[in-house]
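Participant: Just one file: input.tsv, with TSV, C-alpha atoms.
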```
chain	number	residue	atom	x	y	z
L	1	MET	CA	28.02	69.88	-162.74
L	2	HIS	CA	28.92	73.50	-163.53
L	3	GLU	CA	32.46	72.90	-162.34
L	4	ALA	CA	32.80	70.02	-164.82
L	5	GLU	CA	31.49	72.21	-167.64
L	6	ARG	CA	33.99	74.91	-166.70
L	7	GLY	CA	36.69	72.24	-166.51
L	8	LEU	CA	35.88	71.10	-170.03
L	9	PHE	CA	36.12	74.71	-171.22
L	10	GLU	CA	39.54	75.04	-169.57
L	11	LEU	CA	40.74	71.88	-171.33
L	12	GLN	CA	39.37	73.08	-174.67
L	13	GLN	CA	41.35	76.30	-174.22
L	14	GLY	CA	44.59	74.35	-173.81
L	15	ARG	CA	44.85	74.89	-170.05
L	16	PHE	CA	45.28	72.19	-167.47
L	17	LEU	CA	42.73	70.94	-164.97
L	18	TYR	CA	43.04	69.45	-161.49
L	19	VAL	CA	40.89	66.31	-161.13
L	20	THR	CA	40.34	64.64	-157.77
L	21	THR	CA	38.48	61.56	-156.57
L	22	PRO	CA	36.32	61.28	-153.45
L	23	ASP	CA	39.01	59.07	-151.90
L	24	GLY	CA	41.80	61.61	-151.82
L	25	HIS	CA	44.25	59.19	-150.21
L	26	ALA	CA	44.25	56.51	-152.92
L	27	PRO	CA	47.24	56.35	-155.30
L	28	GLU	CA	46.79	58.73	-158.22
L	29	ALA	CA	43.69	60.18	-156.50
L	30	ALA	CA	44.54	63.69	-157.70
L	31	VAL	CA	46.03	64.50	-161.09
L	32	LEU	CA	46.78	67.59	-163.06
L	33	LEU	CA	45.95	66.98	-166.70
L	34	ALA	CA	45.75	68.56	-170.15
L	35	THR	CA	44.44	67.42	-173.51
L	36	VAL	CA	46.83	65.95	-176.03
L	37	GLU	CA	45.02	67.77	-178.82
L	38	GLY	CA	45.69	71.26	-177.47
L	39	LEU	CA	48.96	70.55	-175.71
L	40	ARG	CA	51.58	73.28	-176.00
L	41	ARG	CA	55.22	73.10	-174.97
L	42	GLN	CA	54.66	75.67	-172.20
L	43	THR	CA	51.76	73.67	-170.72
L	44	LEU	CA	53.81	70.48	-170.87
L	45	GLU	CA	56.71	72.16	-169.06
L	46	GLN	CA	54.36	73.51	-166.38
L	47	LEU	CA	52.97	70.00	-165.85
L	48	ARG	CA	56.50	68.65	-165.51
L	49	GLY	CA	57.38	71.36	-163.00
L	50	LEU	CA	54.29	70.94	-160.83
L	51	GLY	CA	54.28	67.16	-160.66
L	52	ARG	CA	56.79	65.11	-158.73
L	53	ARG	CA	56.64	62.08	-161.01
L	54	SER	CA	56.79	61.48	-164.76
L	55	ILE	CA	54.09	62.63	-167.11
L	56	ARG	CA	51.71	59.92	-168.26
L	57	LEU	CA	49.72	59.52	-171.47
L	58	ILE	CA	46.18	58.31	-170.80
L	59	VAL	CA	44.24	56.72	-173.67
L	60	THR	CA	40.88	55.00	-173.98
L	61	ARG	CA	40.70	51.23	-174.13
L	62	HIS	CA	39.85	51.41	-177.85
L	63	ARG	CA	42.90	53.57	-178.54
L	64	ALA	CA	45.05	51.30	-176.37
L	65	GLU	CA	43.91	48.29	-178.39
L	66	ALA	CA	44.73	50.09	-181.66
L	67	MET	CA	48.17	50.93	-180.25
L	68	GLY	CA	48.72	47.26	-179.37
L	69	LEU	CA	48.75	47.95	-175.63
L	70	SER	CA	47.06	45.54	-173.29
L	71	ASN	CA	46.77	44.95	-169.60
L	72	GLY	CA	46.85	41.18	-169.50
L	73	GLY	CA	44.04	40.91	-172.04
L	74	ARG	CA	41.59	42.92	-169.93
L	75	PRO	CA	40.25	45.88	-171.95
L	76	CYS	CA	40.53	49.11	-169.96
L	77	ASP	CA	41.66	52.71	-170.29
L	78	MET	CA	45.45	52.71	-170.13
L	79	SER	CA	48.13	54.96	-168.68
L	80	LEU	CA	51.74	54.89	-169.86
L	81	ALA	CA	54.73	56.86	-168.63
L	82	LEU	CA	56.47	59.25	-171.01
L	83	ASN	CA	60.13	60.13	-170.80
L	84	GLY	CA	61.10	63.63	-169.72
L	85	GLU	CA	62.08	64.82	-173.17
L	86	THR	CA	58.89	63.95	-175.06
L	87	SER	CA	57.52	66.91	-177.04
L	88	PRO	CA	53.82	67.75	-177.58
L	89	GLU	CA	54.17	66.67	-181.23
L	90	GLN	CA	55.62	63.28	-180.24
L	91	ILE	CA	52.83	62.78	-177.69
L	92	LEU	CA	50.19	63.54	-180.33
L	93	ARG	CA	51.80	61.09	-182.77
L	94	LEU	CA	52.04	58.40	-180.12
L	95	SER	CA	48.44	58.87	-178.99
L	96	SER	CA	47.13	58.53	-182.54
L	97	SER	CA	49.46	55.78	-183.75
L	98	ALA	CA	48.45	52.24	-184.57
L	99	GLY	CA	50.40	49.04	-184.31
L	100	LYS	CA	52.39	47.19	-181.73
L	101	HIS	CA	54.55	49.05	-179.23
L	102	ALA	CA	57.29	47.57	-177.11
L	103	VAL	CA	55.04	47.14	-174.08
L	104	ASP	CA	57.81	45.62	-171.97
L	105	MET	CA	59.73	48.90	-172.33
L	106	LEU	CA	56.76	51.03	-171.20
L	107	ASP	CA	55.60	51.72	-167.66
L	108	LEU	CA	52.06	50.64	-168.49
L	109	ARG	CA	49.14	50.39	-166.06
L	110	GLU	CA	45.39	50.74	-165.87
L	111	ALA	CA	44.28	54.38	-165.78
L	112	SER	CA	43.31	55.74	-162.36
L	113	THR	CA	39.83	57.01	-161.54
L	114	ALA	CA	40.98	60.65	-161.79
L	115	GLU	CA	42.64	59.98	-165.17
L	116	ILE	CA	39.48	58.29	-166.45
L	117	GLY	CA	37.56	61.38	-165.33
L	118	GLY	CA	39.78	63.48	-167.59
L	119	LEU	CA	39.15	61.11	-170.50
L	120	THR	CA	35.40	61.36	-169.87
L	121	LEU	CA	35.55	65.15	-170.08
L	122	VAL	CA	37.48	65.20	-173.36
L	123	ARG	CA	35.06	62.68	-174.86
L	124	LEU	CA	32.12	64.88	-173.84
L	125	GLY	CA	33.88	67.82	-175.48
L	126	ARG	CA	34.47	65.78	-178.65
L	127	LEU	CA	38.22	66.17	-178.35
L	128	LEU	CA	40.83	63.55	-179.14
L	129	PRO	CA	40.30	60.96	-176.38
L	130	ALA	CA	43.77	61.23	-174.89
L	131	VAL	CA	45.15	63.30	-172.04
L	132	VAL	CA	48.50	63.78	-170.35
L	133	SER	CA	48.56	63.78	-166.58
L	134	VAL	CA	50.85	64.01	-163.63
L	135	PRO	CA	49.92	63.06	-160.06
L	136	VAL	CA	49.92	66.03	-157.72
L	137	ASP	CA	50.19	65.79	-153.96
L	138	LEU	CA	49.30	69.17	-152.44
L	139	THR	CA	51.66	68.60	-149.53
L	140	MET	CA	54.56	67.99	-151.92
L	141	ALA	CA	53.88	70.79	-154.42
L	142	PRO	CA	53.63	74.20	-152.75
L	143	GLU	CA	53.85	75.93	-156.16
L	144	PHE	CA	50.70	74.14	-157.25
L	145	ARG	CA	48.89	74.96	-154.02
L	146	ALA	CA	49.63	78.66	-154.63
L	147	LEU	CA	48.20	78.39	-158.17
L	148	GLN	CA	45.09	76.67	-156.86
L	149	GLU	CA	44.53	79.22	-154.10
L	150	SER	CA	44.78	82.05	-156.64
L	151	ASP	CA	42.17	80.29	-158.84
L	152	ALA	CA	44.68	79.96	-161.69
L	153	VAL	CA	43.92	76.23	-161.82
L	154	LEU	CA	40.37	74.94	-161.79
L	155	SER	CA	39.54	71.87	-159.70
L	156	VAL	CA	36.84	69.35	-160.49
L	157	THR	CA	35.90	66.04	-158.90
L	158	THR	CA	35.16	62.78	-160.65
L	159	ALA	CA	31.65	62.90	-159.12
L	160	GLN	CA	31.01	66.24	-160.88
L	161	ILE	CA	32.30	64.78	-164.15
L	162	ASP	CA	30.08	61.71	-163.75
L	163	ALA	CA	27.05	63.95	-163.11
L	164	MET	CA	27.77	65.90	-166.28
L	165	ALA	CA	28.19	62.69	-168.30
L	166	ALA	CA	24.89	61.31	-166.96
L	167	ASN	CA	23.10	64.47	-168.05
L	168	GLY	CA	24.39	64.29	-171.64
L	169	ARG	CA	21.11	64.00	-173.51
L	170	VAL	CA	21.06	64.28	-177.28
L	171	GLU	CA	17.95	65.81	-178.79
L	172	LEU	CA	17.06	65.45	-182.46
L	173	THR	CA	14.75	67.77	-184.35
L	174	HIS	CA	13.41	66.82	-187.76
L	175	VAL	CA	13.74	69.78	-190.13
L	176	SER	CA	13.28	68.31	-193.60
L	177	GLU	CA	14.00	65.31	-195.79
L	178	GLY	CA	14.59	64.63	-199.44
L	179	SER	CA	15.38	61.92	-201.92
L	180	SER	CA	18.98	61.54	-202.94
L	181	PRO	CA	19.56	58.54	-205.19
L	182	LEU	CA	22.98	56.98	-204.76
L	183	VAL	CA	24.75	54.49	-207.02
L	184	GLU	CA	24.47	51.77	-204.37
L	185	ALA	CA	21.00	52.78	-203.13
L	186	GLU	CA	18.63	54.41	-205.59
L	187	ASP	CA	15.91	54.99	-202.99
L	188	ALA	CA	18.16	56.76	-200.46
L	189	GLN	CA	16.68	59.55	-198.36
L	190	PHE	CA	18.46	62.19	-196.35
L	191	MET	CA	16.82	63.58	-193.24
L	192	PHE	CA	17.85	66.88	-191.65
```
Go ahead and render the structure in this file as structure tokens.
Facilitator:
Amino acid sequence: MHEAERGLFELQQGRFLYVTTPDGHAPEAAVLLATVEGLRRQTLEQLRGLGRRSIRLIVTRHRAEAMGLSNGGRPCDMSLALNGETSPEQILRLSSSAGKHAVDMLDLREASTAEIGGLTLVRLGRLLPAVVSVPVDLTMAPEFRALQESDAVLSVTTAQIDAMAANGRVELTHVSEGSSPLVEAEDAQFMF
């Protein structure tokens, strides 16, 4: 669980994170990802350089529905390919836009387990629930392997993320309360 907490800190600092699944041989089983909220041009270029395929925008099912994206009517977290010239500002606008998008023009698919792990972390950190990711195959990306071996990139598994999410208790402590009449509710009370 500590690795997931450290991974969340890395994401909050605008750095990328390597997320893997227990089944390392499945498609998209390992991704390098960063938050949309803290995405900088330099981070985006590093992602492009380390991955061998296009960068993808991963959004929650609620965000996908607001964007007019669907996967055959089945609600799920969605992943869509971005073109190579998309800037961090354009990605942020796209991830927070509403309305219909030309779905037939997008490479749209259900988010992978590793990508969903990244979304889970950003939700736990109360960040914008959208990440950018690129699949990374260690055998195909020697530059990335060197970064990982030097501890410049933190790795976390989806099992560690799930353990952190399961331990997310919220505790409330009553401090005080007071009357606060409102126009619509004269007997309103606020509790702190």
Participant: What does the distance between atom CA of Gly14 of chain L and atom CA of Ala98 of chain L come to in Å, to one decimal place?
Facilitator: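 Separating atom CA of Gly14 of chain L from atom CA of Ala98 of chain L is a distance of 24.9 Å.
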Participant: I'd like the interatomic distance between atom CA of Leu69 of chain L and atom CA of Ser133 of chain L, to a tenth of an Å.
Facilitator: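 Distance reported for this atom pair: 18.2 Å.
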Participant: In Å to one decimal, how far is atom CA of Asn167 of chain L from atom CA of Arg56 of chain L?
Facilitator: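 The value is 29.0 Å.
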Participant: Identify the residues within 12 Å of coordinate (43.1, 60.3, -174.8) (same frame as the file), considering all atoms listed in the file, and give the answer as a ChimeraX atom specification.
Facilitator: /L:33-39,56-64,67,77-80,91-97,111,115-133
Participant: With only C-alpha atoms as the atoms that count, which of L:Val175, L:Ala166, L:Ala29, L:Met191 lies nearest to Ala4 of chain L?
Facilitator: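 The answer is L:Ala166, which sits nearest to Ala4 of chain L.
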Participant: I'd like the neighbourhood of Ser87 of chain L as a ChimeraX atom specification, where a residue qualifies if any of its atoms comes within 9 Å (using all atoms listed in the file), though same-chain residues fewer than 2 positions away should be ignored.
Facilitator: /L:40-41,44,84-85,89-92
Participant: Report as a list in words all protein, DNA and RNA residues lying within 12 Å of Asp151 of chain L, evaluated on all atoms listed in the file, omitting residues in the same chain fewer than 6 positions from it.
Facilitator: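 My reading of the contact set: Leu17, Tyr18, Phe144 and Arg145 of chain L.
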Participant: For a cutoff of 12 Å around the file-coordinate point (29.8, 72.2, -165.3), which residues qualify once you count all atoms listed in the file? I'd like the result as a list in words.
Facilitator: Met1, His2, Glu3, Ala4, Glu5, Arg6, Gly7, Leu8, Phe9, Glu10, Leu121, Leu124, Gly125, Leu154, Ser155, Val156, Thr157, Thr158, Ala159, Gln160, Ile161, Asp162, Ala163, Met164, Ala165, Asn167 and Gly168 of chain L
